[in-house]
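Novice: Take this structure first; my questions come after.
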Amino acid sequence: MQSLKHRCSCRAYASSPDEDQVAALAITAAAVSLPGTRITLMDCPKGFFSGLPFVGRIDGTGKCAVVLRKKNDPFGALYAGISGEAFVLEAAAMGLATCWVAGTYKKAKVRPLCEAGEKIVAVIAVGVPENPDAPIRKRHPLQRMCGTPPEQWPNWAYQAAEAVRVAPSAVNAQPWHMNYGHHTLRLNDSKRHMVDDGIAMLHMECAVGSRNHLWTWGKNGCVAHLTVEDES
């Protein structure tokens, strides 16, 4: 939860992680990878990342994490989002910055890392931030993402929704909508952005903490239901 509060997407780095940090990141990558997913570290040469209009190129670090998944797993992209964001939050806890990158990198440099039956989901730049106090990018108001006023929800549901609000998403689109009722918070995404949905679920899990809770899959536009009987 502490990492959620200060994690932000970083494109300007002062340096790569040092040897001890790389070793810790490698252990973390193995620990957070759900079945059917794999995260591996690689050196990224200068020019590995390309720029985006009005955003600029990722620069200053020579290290990234590659997030891979099994091609035939229907939940692979969602699990990859959960696993990759767990890696991101662990890196933030080490004082490192990260940035999810889905397409603006040289895929030919990454493909040799794929094992049989795997595909690349994304790469995650990781390094020492040039500006550790950089502000988090603007987010939608929480009320805009919720079907009913979230301030009327139990505290756990409000905190879980707020955790989703600060989650990273492709082009910062924040594609989620949430509804609460009958001890359950529902995460909705009509277009099913599976990686982003996995990231949101991981943030919800962090917010719930040690409370007894249950996840169930949703249907159609509902990604999943999170139920907490203890609504304190």
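Each chain in the structure tokens gets a letter, A, B and so on, in the order shown; residues start at 1 in every chain, and ligands are counted from 1 in the order they appear.
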Env of Arg144 (chain A): 12 Å cut, atoms = only C-alpha atoms, seq-sep filter 2 positions within chain, self excluded. Answer as number ranges by chain.
Specialist: A: 139-142, 146-150, 161-162, 165, 174-179
Novice: Those same residues, written as a tab-separated table (two decimals), in the first residue's frame with all heavy atoms?
Specialist:
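That gives us result.tsv:
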```
chain	number	residue	atom	x	y	z
A	139	ARG	N	-5.41	11.79	-12.74
A	139	ARG	CA	-6.34	10.68	-12.74
A	139	ARG	C	-7.78	11.19	-12.79
A	139	ARG	O	-8.07	12.30	-12.37
A	139	ARG	CB	-6.15	9.82	-11.48
A	139	ARG	CG	-4.79	9.13	-11.40
A	139	ARG	CD	-4.73	7.99	-12.41
A	139	ARG	NE	-3.62	7.09	-12.17
A	139	ARG	CZ	-2.45	7.17	-12.79
A	139	ARG	NH1	-2.23	8.15	-13.64
A	139	ARG	NH2	-1.50	6.29	-12.54
A	140	HIS	N	-8.67	10.32	-13.29
A	140	HIS	CA	-10.09	10.65	-13.26
A	140	HIS	C	-10.55	10.82	-11.81
A	140	HIS	O	-10.06	10.12	-10.91
A	140	HIS	CB	-10.93	9.54	-13.89
A	140	HIS	CG	-10.69	9.35	-15.36
A	140	HIS	ND1	-10.43	10.38	-16.23
A	140	HIS	CD2	-10.69	8.20	-16.11
A	140	HIS	CE1	-10.28	9.90	-17.45
A	140	HIS	NE2	-10.42	8.59	-17.40
A	141	PRO	N	-11.52	11.68	-11.54
A	141	PRO	CA	-12.13	11.71	-10.20
A	141	PRO	C	-12.73	10.34	-9.91
A	141	PRO	O	-13.27	9.68	-10.79
A	141	PRO	CB	-13.21	12.79	-10.32
A	141	PRO	CG	-12.81	13.62	-11.50
A	141	PRO	CD	-12.11	12.68	-12.45
A	142	LEU	N	-12.65	9.93	-8.65
A	142	LEU	CA	-13.14	8.61	-8.28
A	142	LEU	C	-14.63	8.47	-8.60
A	142	LEU	O	-15.08	7.41	-9.06
A	142	LEU	CB	-12.89	8.35	-6.79
A	142	LEU	CG	-13.25	6.95	-6.28
A	142	LEU	CD1	-12.52	5.87	-7.07
A	142	LEU	CD2	-12.93	6.83	-4.79
A	146	CYS	N	-17.27	5.29	-10.67
A	146	CYS	CA	-18.14	4.49	-9.80
A	146	CYS	C	-19.61	4.69	-10.15
A	146	CYS	O	-20.03	5.81	-10.48
A	146	CYS	CB	-17.91	4.87	-8.34
A	146	CYS	SG	-16.21	4.62	-7.79
A	147	GLY	N	-20.39	3.60	-10.03
A	147	GLY	CA	-21.81	3.65	-10.37
A	147	GLY	C	-22.65	4.39	-9.35
A	147	GLY	O	-23.68	4.98	-9.69
A	148	THR	N	-22.24	4.35	-8.09
A	148	THR	CA	-22.91	5.05	-7.00
A	148	THR	C	-21.85	5.82	-6.21
A	148	THR	O	-20.66	5.53	-6.35
A	148	THR	CB	-23.66	4.08	-6.07
A	148	THR	OG1	-22.73	3.09	-5.58
A	148	THR	CG2	-24.79	3.37	-6.83
A	149	PRO	N	-22.24	6.79	-5.40
A	149	PRO	CA	-21.24	7.59	-4.67
A	149	PRO	C	-20.33	6.72	-3.80
A	149	PRO	O	-20.82	6.07	-2.85
A	149	PRO	CB	-22.09	8.54	-3.83
A	149	PRO	CG	-23.38	8.65	-4.58
A	149	PRO	CD	-23.61	7.29	-5.17
A	150	PRO	N	-19.03	6.65	-4.07
A	150	PRO	CA	-18.14	5.77	-3.31
A	150	PRO	C	-18.01	6.16	-1.85
A	150	PRO	O	-17.68	5.30	-1.02
A	150	PRO	CB	-16.80	5.89	-4.05
A	150	PRO	CG	-16.87	7.21	-4.75
A	150	PRO	CD	-18.30	7.38	-5.13
A	161	ALA	N	-11.40	0.93	-4.40
A	161	ALA	CA	-11.69	1.73	-5.59
A	161	ALA	C	-10.63	2.82	-5.80
A	161	ALA	O	-10.19	3.07	-6.93
A	161	ALA	CB	-13.08	2.35	-5.47
A	162	GLU	N	-10.22	3.44	-4.72
A	162	GLU	CA	-9.17	4.46	-4.81
A	162	GLU	C	-7.86	3.84	-5.30
A	162	GLU	O	-7.11	4.45	-6.07
A	162	GLU	CB	-8.98	5.13	-3.45
A	162	GLU	CG	-7.91	6.21	-3.42
A	162	GLU	CD	-8.22	7.40	-4.31
A	162	GLU	OE1	-9.42	7.66	-4.60
A	162	GLU	OE2	-7.26	8.08	-4.73
A	165	ARG	N	-8.05	3.57	-8.92
A	165	ARG	CA	-7.94	4.89	-9.55
A	165	ARG	C	-6.49	5.28	-9.81
A	165	ARG	O	-6.18	5.95	-10.80
A	165	ARG	CB	-8.62	5.96	-8.68
A	165	ARG	CG	-8.79	7.31	-9.37
A	165	ARG	CD	-9.50	8.30	-8.47
A	165	ARG	NE	-8.63	8.82	-7.44
A	165	ARG	CZ	-7.85	9.91	-7.60
A	165	ARG	NH1	-7.86	10.58	-8.74
A	165	ARG	NH2	-7.09	10.32	-6.61
A	174	GLN	N	-7.46	4.55	-18.04
A	174	GLN	CA	-8.29	4.17	-16.89
A	174	GLN	C	-9.64	3.62	-17.36
A	174	GLN	O	-10.69	4.24	-17.16
A	174	GLN	CB	-8.50	5.38	-15.97
A	174	GLN	CG	-7.21	5.93	-15.37
A	174	GLN	CD	-7.48	7.11	-14.44
A	174	GLN	OE1	-7.38	8.25	-14.85
A	174	GLN	NE2	-7.83	6.82	-13.21
A	175	PRO	N	-9.66	2.43	-17.96
A	175	PRO	CA	-10.87	1.92	-18.61
A	175	PRO	C	-11.89	1.29	-17.67
A	175	PRO	O	-12.86	0.70	-18.13
A	175	PRO	CB	-10.29	0.85	-19.56
A	175	PRO	CG	-9.12	0.30	-18.81
A	175	PRO	CD	-8.51	1.51	-18.12
A	176	TRP	N	-11.70	1.41	-16.37
A	176	TRP	CA	-12.51	0.66	-15.41
A	176	TRP	C	-13.72	1.45	-14.92
A	176	TRP	O	-13.72	2.67	-14.87
A	176	TRP	CB	-11.66	0.27	-14.21
A	176	TRP	CG	-10.34	-0.30	-14.60
A	176	TRP	CD1	-10.10	-1.52	-15.19
A	176	TRP	CD2	-9.06	0.33	-14.46
A	176	TRP	NE1	-8.76	-1.69	-15.41
A	176	TRP	CE2	-8.09	-0.58	-14.98
A	176	TRP	CE3	-8.63	1.54	-13.96
A	176	TRP	CZ2	-6.73	-0.29	-15.00
A	176	TRP	CZ3	-7.28	1.84	-13.97
A	176	TRP	CH2	-6.34	0.93	-14.50
A	177	HIS	N	-14.72	0.68	-14.47
A	177	HIS	CA	-15.89	1.24	-13.80
A	177	HIS	C	-16.23	0.28	-12.66
A	177	HIS	O	-16.12	-0.93	-12.82
A	177	HIS	CB	-17.07	1.35	-14.76
A	177	HIS	CG	-18.20	2.16	-14.24
A	177	HIS	ND1	-19.28	1.60	-13.59
A	177	HIS	CD2	-18.42	3.50	-14.24
A	177	HIS	CE1	-20.11	2.56	-13.22
A	177	HIS	NE2	-19.62	3.72	-13.60
A	178	MET	N	-16.60	0.82	-11.51
A	178	MET	CA	-16.84	-0.02	-10.33
A	178	MET	C	-18.22	0.22	-9.75
A	178	MET	O	-18.74	1.33	-9.77
A	178	MET	CB	-15.76	0.25	-9.28
A	178	MET	CG	-14.39	-0.28	-9.67
A	178	MET	SD	-13.04	0.41	-8.66
A	178	MET	CE	-12.89	2.07	-9.36
A	179	ASN	N	-18.80	-0.87	-9.26
A	179	ASN	CA	-20.10	-0.82	-8.58
A	179	ASN	C	-20.00	-1.63	-7.29
A	179	ASN	O	-19.29	-2.65	-7.24
A	179	ASN	CB	-21.21	-1.41	-9.46
A	179	ASN	CG	-21.61	-0.46	-10.56
A	179	ASN	OD1	-22.06	0.65	-10.30
A	179	ASN	ND2	-21.44	-0.89	-11.80
```
Novice: May I have the residues within 6 Å of His225 (chain A) as an MDAnalysis selection string, using only C-alpha atoms and disregarding those fewer than 5 positions away in the same chain?
Specialist: chainID A and resid 185:186 215:216
Novice: Near region 12-29 of chain A, counting only C-alpha atoms, which residues have an atom at most 10 Å away, once you skip same-chain residues fewer than 4 positions from it, shown as JSON, numbers by chain?
Specialist: {"A": [33, 38, 39, 40, 41, 43, 56, 57, 58, 59, 60, 61, 62, 63, 64, 65, 66, 67, 83, 84, 86, 87, 88, 90, 91, 94, 95, 96, 97, 98, 99, 125, 126, 127, 128, 129, 130, 131, 132]}
Novice: Could you check how far CA of Asn220 (chain A) sits from CA of Ser190 (chain A), in Å to one decimal?
Specialist: 7.3 Å
Novice: Just want the 12 Å neighbourhood of Phe75 (chain A), counted on only C-alpha atoms, with same-chain residues fewer than 2 positions away dropped. Output as a PyMOL selection string.
Specialist: chain A and resi 34-37+69-73+77-82+192-195+197-198+217+223
Novice: I need the residues from that last selection saved to file as a tab-separated table (two decimals), in the first residue's frame (with N, CA, C and O atoms), if you can.
Specialist:
```
chain	number	residue	atom	x	y	z
A	34	LEU	N	2.69	-15.58	-11.67
A	34	LEU	CA	1.62	-16.56	-11.56
A	34	LEU	C	1.81	-17.67	-12.59
A	34	LEU	O	2.55	-17.49	-13.57
A	35	PRO	N	1.15	-18.81	-12.40
A	35	PRO	CA	1.26	-19.90	-13.39
A	35	PRO	C	0.91	-19.41	-14.80
A	35	PRO	O	-0.06	-18.67	-15.01
A	36	GLY	N	1.73	-19.81	-15.76
A	36	GLY	CA	1.51	-19.39	-17.13
A	36	GLY	C	2.14	-18.07	-17.48
A	36	GLY	O	2.05	-17.61	-18.63
A	37	THR	N	2.77	-17.41	-16.51
A	37	THR	CA	3.47	-16.15	-16.77
A	37	THR	C	4.93	-16.29	-16.36
A	37	THR	O	5.30	-17.16	-15.57
A	69	ARG	N	3.84	-14.54	-21.32
A	69	ARG	CA	2.75	-15.42	-20.92
A	69	ARG	C	2.61	-16.55	-21.93
A	69	ARG	O	3.06	-16.45	-23.07
A	70	LYS	N	1.95	-17.62	-21.52
A	70	LYS	CA	1.65	-18.73	-22.41
A	70	LYS	C	0.58	-18.30	-23.42
A	70	LYS	O	-0.42	-17.68	-23.06
A	71	LYS	N	0.76	-18.67	-24.67
A	71	LYS	CA	-0.16	-18.26	-25.72
A	71	LYS	C	-1.55	-18.86	-25.55
A	71	LYS	O	-2.55	-18.25	-25.89
A	72	ASN	N	-1.62	-20.08	-25.04
A	72	ASN	CA	-2.90	-20.80	-25.02
A	72	ASN	C	-3.67	-20.64	-23.72
A	72	ASN	O	-4.66	-21.32	-23.49
A	73	ASP	N	-3.25	-19.75	-22.85
A	73	ASP	CA	-3.93	-19.54	-21.57
A	73	ASP	C	-4.93	-18.39	-21.72
A	73	ASP	O	-4.53	-17.25	-21.95
A	77	ALA	N	-3.11	-12.99	-20.20
A	77	ALA	CA	-2.85	-11.56	-20.19
A	77	ALA	C	-3.25	-10.94	-18.85
A	77	ALA	O	-2.56	-10.06	-18.33
A	78	LEU	N	-4.36	-11.41	-18.29
A	78	LEU	CA	-4.79	-10.89	-16.99
A	78	LEU	C	-3.79	-11.27	-15.90
A	78	LEU	O	-3.41	-10.44	-15.08
A	79	TYR	N	-3.34	-12.54	-15.89
A	79	TYR	CA	-2.34	-12.97	-14.91
A	79	TYR	C	-1.04	-12.19	-15.10
A	79	TYR	O	-0.34	-11.89	-14.12
A	80	ALA	N	-0.69	-11.90	-16.35
A	80	ALA	CA	0.52	-11.13	-16.60
A	80	ALA	C	0.42	-9.72	-16.03
A	80	ALA	O	1.39	-9.17	-15.52
A	81	GLY	N	-0.79	-9.13	-16.12
A	81	GLY	CA	-0.99	-7.82	-15.51
A	81	GLY	C	-0.83	-7.85	-14.01
A	81	GLY	O	-0.19	-6.97	-13.41
A	82	ILE	N	-1.40	-8.88	-13.37
A	82	ILE	CA	-1.25	-9.04	-11.92
A	82	ILE	C	0.22	-9.20	-11.55
A	82	ILE	O	0.75	-8.52	-10.66
A	192	ARG	N	-12.66	-5.15	-21.95
A	192	ARG	CA	-11.77	-6.19	-21.42
A	192	ARG	C	-10.31	-5.97	-21.83
A	192	ARG	O	-9.72	-6.73	-22.59
A	193	HIS	N	-9.72	-4.92	-21.29
A	193	HIS	CA	-8.29	-4.68	-21.46
A	193	HIS	C	-7.58	-5.57	-20.43
A	193	HIS	O	-7.35	-5.15	-19.29
A	194	MET	N	-7.26	-6.79	-20.81
A	194	MET	CA	-6.91	-7.83	-19.85
A	194	MET	C	-5.69	-7.48	-19.00
A	194	MET	O	-5.69	-7.72	-17.79
A	195	VAL	N	-4.64	-6.94	-19.59
A	195	VAL	CA	-3.45	-6.60	-18.80
A	195	VAL	C	-3.81	-5.50	-17.80
A	195	VAL	O	-3.48	-5.59	-16.61
A	197	ASP	N	-6.70	-4.83	-16.62
A	197	ASP	CA	-7.62	-5.38	-15.62
A	197	ASP	C	-6.86	-6.16	-14.55
A	197	ASP	O	-7.21	-6.09	-13.36
A	198	GLY	N	-5.83	-6.88	-14.95
A	198	GLY	CA	-5.01	-7.58	-13.97
A	198	GLY	C	-4.30	-6.62	-13.03
A	198	GLY	O	-4.21	-6.84	-11.82
A	217	TRP	N	-14.99	-14.74	-10.78
A	217	TRP	CA	-14.96	-14.16	-12.11
A	217	TRP	C	-16.30	-13.55	-12.46
A	217	TRP	O	-17.34	-14.06	-12.06
A	223	VAL	N	-15.33	-7.85	-15.02
A	223	VAL	CA	-14.09	-8.62	-14.97
A	223	VAL	C	-14.11	-9.60	-13.80
A	223	VAL	O	-13.87	-10.80	-13.96
```
Novice: Using DSSP assignments from the backbone, pull out every residue in region 28-199 of chain A that falls under strand (DSSP E) and give it to me as a VMD selection string.
Specialist: chain A and resid 37 to 43 63 to 70 97 to 101 118 to 129 177 to 181 184 to 188
Novice: Can you list every residue in region 22-144 of chain A that DSSP puts in alpha helix (DSSP H), as a ChimeraX atom specification?
Specialist: /A:22-32,76-93,107-110
Novice: Write out as a PDB file with all heavy atoms, in the first residue's frame which residues come within 12 Å of Ser50 (chain A) when counting only C-alpha atoms, dropping same-chain ones fewer than 5 positions away.
Specialist:
```pdb
ATOM      1  N   ARG A  11       9.870   8.039 -17.102  1.00  0.00           N
ATOM      2  CA  ARG A  11      10.544   7.927 -18.399  1.00  0.00           C
ATOM      3  C   ARG A  11      11.952   8.494 -18.372  1.00  0.00           C
ATOM      4  O   ARG A  11      12.701   8.329 -19.343  1.00  0.00           O
ATOM      5  CB  ARG A  11       9.719   8.626 -19.481  1.00  0.00           C
ATOM      6  CG  ARG A  11       8.286   8.127 -19.578  1.00  0.00           C
ATOM      7  CD  ARG A  11       7.530   8.735 -20.742  1.00  0.00           C
ATOM      8  NE  ARG A  11       7.937   8.164 -22.018  1.00  0.00           N
ATOM      9  CZ  ARG A  11       7.441   7.036 -22.514  1.00  0.00           C
ATOM     10  NH1 ARG A  11       6.532   6.350 -21.840  1.00  0.00           N
ATOM     11  NH2 ARG A  11       7.853   6.586 -23.676  1.00  0.00           N
ATOM     12  N   CYS A  44      18.811  -3.492 -21.731  1.00  0.00           N
ATOM     13  CA  CYS A  44      18.242  -2.833 -22.906  1.00  0.00           C
ATOM     14  C   CYS A  44      19.239  -1.797 -23.421  1.00  0.00           C
ATOM     15  O   CYS A  44      19.589  -0.861 -22.702  1.00  0.00           O
ATOM     16  CB  CYS A  44      16.879  -2.208 -22.598  1.00  0.00           C
ATOM     17  SG  CYS A  44      16.745  -1.319 -21.038  1.00  0.00           S
ATOM     18  N   PRO A  45      19.715  -1.974 -24.641  1.00  0.00           N
ATOM     19  CA  PRO A  45      20.729  -1.073 -25.189  1.00  0.00           C
ATOM     20  C   PRO A  45      20.174   0.313 -25.471  1.00  0.00           C
ATOM     21  O   PRO A  45      18.949   0.515 -25.531  1.00  0.00           O
ATOM     22  CB  PRO A  45      21.149  -1.779 -26.483  1.00  0.00           C
ATOM     23  CG  PRO A  45      19.949  -2.573 -26.870  1.00  0.00           C
ATOM     24  CD  PRO A  45      19.312  -3.014 -25.583  1.00  0.00           C
ATOM     25  N   VAL A  55       5.415  12.987 -25.143  1.00  0.00           N
ATOM     26  CA  VAL A  55       5.832  12.254 -23.949  1.00  0.00           C
ATOM     27  C   VAL A  55       7.339  12.074 -23.909  1.00  0.00           C
ATOM     28  O   VAL A  55       7.978  12.275 -22.891  1.00  0.00           O
ATOM     29  CB  VAL A  55       5.135  10.871 -23.883  1.00  0.00           C
ATOM     30  CG1 VAL A  55       5.624  10.086 -22.669  1.00  0.00           C
ATOM     31  CG2 VAL A  55       3.623  11.044 -23.825  1.00  0.00           C
ATOM     32  N   GLY A  56       7.928  11.701 -25.033  1.00  0.00           N
ATOM     33  CA  GLY A  56       9.374  11.534 -25.090  1.00  0.00           C
ATOM     34  C   GLY A  56       9.809  10.095 -24.908  1.00  0.00           C
ATOM     35  O   GLY A  56       9.015   9.190 -24.639  1.00  0.00           O
ATOM     36  N   ARG A  57      11.092   9.887 -25.050  1.00  0.00           N
ATOM     37  CA  ARG A  57      11.685   8.565 -25.006  1.00  0.00           C
ATOM     38  C   ARG A  57      12.089   8.193 -23.580  1.00  0.00           C
ATOM     39  O   ARG A  57      12.498   9.040 -22.793  1.00  0.00           O
ATOM     40  CB  ARG A  57      12.914   8.552 -25.905  1.00  0.00           C
ATOM     41  CG  ARG A  57      13.590   7.217 -26.080  1.00  0.00           C
ATOM     42  CD  ARG A  57      14.926   7.386 -26.795  1.00  0.00           C
ATOM     43  NE  ARG A  57      14.786   8.069 -28.053  1.00  0.00           N
ATOM     44  CZ  ARG A  57      14.558   7.471 -29.222  1.00  0.00           C
ATOM     45  NH1 ARG A  57      14.452   6.150 -29.263  1.00  0.00           N
ATOM     46  NH2 ARG A  57      14.461   8.173 -30.330  1.00  0.00           N
ATOM     47  N   ILE A  58      11.966   6.924 -23.242  1.00  0.00           N
ATOM     48  CA  ILE A  58      12.514   6.429 -21.982  1.00  0.00           C
ATOM     49  C   ILE A  58      14.028   6.434 -22.094  1.00  0.00           C
ATOM     50  O   ILE A  58      14.592   5.909 -23.057  1.00  0.00           O
ATOM     51  CB  ILE A  58      11.983   5.021 -21.683  1.00  0.00           C
ATOM     52  CG1 ILE A  58      10.496   5.077 -21.367  1.00  0.00           C
ATOM     53  CG2 ILE A  58      12.748   4.389 -20.515  1.00  0.00           C
ATOM     54  CD1 ILE A  58       9.849   3.724 -21.196  1.00  0.00           C
ATOM     55  N   ASP A  59      14.691   7.027 -21.123  1.00  0.00           N
ATOM     56  CA  ASP A  59      16.140   7.201 -21.226  1.00  0.00           C
ATOM     57  C   ASP A  59      16.773   7.171 -19.838  1.00  0.00           C
ATOM     58  O   ASP A  59      16.143   7.546 -18.849  1.00  0.00           O
ATOM     59  CB  ASP A  59      16.447   8.540 -21.915  1.00  0.00           C
ATOM     60  CG  ASP A  59      17.897   8.638 -22.346  1.00  0.00           C
ATOM     61  OD1 ASP A  59      18.494   7.598 -22.687  1.00  0.00           O
ATOM     62  OD2 ASP A  59      18.435   9.762 -22.332  1.00  0.00           O
ATOM     63  N   VAL A 101       5.635  -0.664 -20.744  1.00  0.00           N
ATOM     64  CA  VAL A 101       5.755  -0.304 -22.161  1.00  0.00           C
ATOM     65  C   VAL A 101       5.190  -1.455 -22.986  1.00  0.00           C
ATOM     66  O   VAL A 101       5.704  -2.580 -22.940  1.00  0.00           O
ATOM     67  CB  VAL A 101       7.224  -0.042 -22.558  1.00  0.00           C
ATOM     68  CG1 VAL A 101       7.306   0.397 -24.014  1.00  0.00           C
ATOM     69  CG2 VAL A 101       7.858   1.005 -21.645  1.00  0.00           C
ATOM     70  N   ALA A 102       4.142  -1.182 -23.754  1.00  0.00           N
ATOM     71  CA  ALA A 102       3.471  -2.242 -24.505  1.00  0.00           C
ATOM     72  C   ALA A 102       3.968  -2.361 -25.940  1.00  0.00           C
ATOM     73  O   ALA A 102       3.981  -3.452 -26.501  1.00  0.00           O
ATOM     74  CB  ALA A 102       1.971  -2.016 -24.500  1.00  0.00           C
ATOM     75  N   GLY A 103       4.372  -1.253 -26.555  1.00  0.00           N
ATOM     76  CA  GLY A 103       4.705  -1.348 -27.971  1.00  0.00           C
ATOM     77  C   GLY A 103       5.900  -0.558 -28.449  1.00  0.00           C
ATOM     78  O   GLY A 103       6.469  -0.871 -29.495  1.00  0.00           O
ATOM     79  N   THR A 104       6.308   0.473 -27.719  1.00  0.00           N
ATOM     80  CA  THR A 104       7.357   1.362 -28.217  1.00  0.00           C
ATOM     81  C   THR A 104       8.742   0.895 -27.783  1.00  0.00           C
ATOM     82  O   THR A 104       9.476   1.585 -27.071  1.00  0.00           O
ATOM     83  CB  THR A 104       7.100   2.805 -27.749  1.00  0.00           C
ATOM     84  OG1 THR A 104       6.960   2.807 -26.318  1.00  0.00           O
ATOM     85  CG2 THR A 104       5.844   3.366 -28.369  1.00  0.00           C
ATOM     86  N   TYR A 105       9.098  -0.302 -28.226  1.00  0.00           N
ATOM     87  CA  TYR A 105      10.421  -0.857 -27.965  1.00  0.00           C
ATOM     88  C   TYR A 105      10.767  -1.806 -29.107  1.00  0.00           C
ATOM     89  O   TYR A 105       9.893  -2.198 -29.905  1.00  0.00           O
ATOM     90  CB  TYR A 105      10.466  -1.596 -26.624  1.00  0.00           C
ATOM     91  CG  TYR A 105       9.549  -2.792 -26.545  1.00  0.00           C
ATOM     92  CD1 TYR A 105       9.998  -4.059 -26.865  1.00  0.00           C
ATOM     93  CD2 TYR A 105       8.219  -2.650 -26.149  1.00  0.00           C
ATOM     94  CE1 TYR A 105       9.153  -5.154 -26.811  1.00  0.00           C
ATOM     95  CE2 TYR A 105       7.370  -3.738 -26.087  1.00  0.00           C
ATOM     96  CZ  TYR A 105       7.842  -4.986 -26.418  1.00  0.00           C
ATOM     97  OH  TYR A 105       7.010  -6.068 -26.377  1.00  0.00           O
ATOM     98  N   LYS A 106      12.017  -2.193 -29.219  1.00  0.00           N
ATOM     99  CA  LYS A 106      12.471  -3.053 -30.315  1.00  0.00           C
ATOM    100  C   LYS A 106      12.191  -4.511 -29.973  1.00  0.00           C
ATOM    101  O   LYS A 106      12.959  -5.161 -29.272  1.00  0.00           O
ATOM    102  CB  LYS A 106      13.949  -2.806 -30.584  1.00  0.00           C
ATOM    103  CG  LYS A 106      14.225  -1.400 -31.121  1.00  0.00           C
ATOM    104  CD  LYS A 106      15.685  -1.198 -31.479  1.00  0.00           C
ATOM    105  CE  LYS A 106      15.896   0.174 -32.101  1.00  0.00           C
ATOM    106  NZ  LYS A 106      17.323   0.424 -32.420  1.00  0.00           N
ATOM    107  N   LYS A 107      11.091  -5.008 -30.505  1.00  0.00           N
ATOM    108  CA  LYS A 107      10.653  -6.373 -30.178  1.00  0.00           C
ATOM    109  C   LYS A 107      11.653  -7.429 -30.629  1.00  0.00           C
ATOM    110  O   LYS A 107      11.743  -8.503 -30.021  1.00  0.00           O
ATOM    111  CB  LYS A 107       9.282  -6.632 -30.793  1.00  0.00           C
ATOM    112  CG  LYS A 107       8.171  -5.774 -30.197  1.00  0.00           C
ATOM    113  CD  LYS A 107       6.833  -6.095 -30.837  1.00  0.00           C
ATOM    114  CE  LYS A 107       5.711  -5.282 -30.191  1.00  0.00           C
ATOM    115  NZ  LYS A 107       5.884  -3.840 -30.395  1.00  0.00           N
TER     116      LYS A 107
END
```
Novice: Point out the residue among A:Phe49, A:Val164, A:Gln143, A:Pro154 with the least atom-to-atom distance to Val110 (chain A), counting only C-alpha atoms.
Specialist: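 With only C-alpha atoms as the atom set, the closest residue is A:Phe49.
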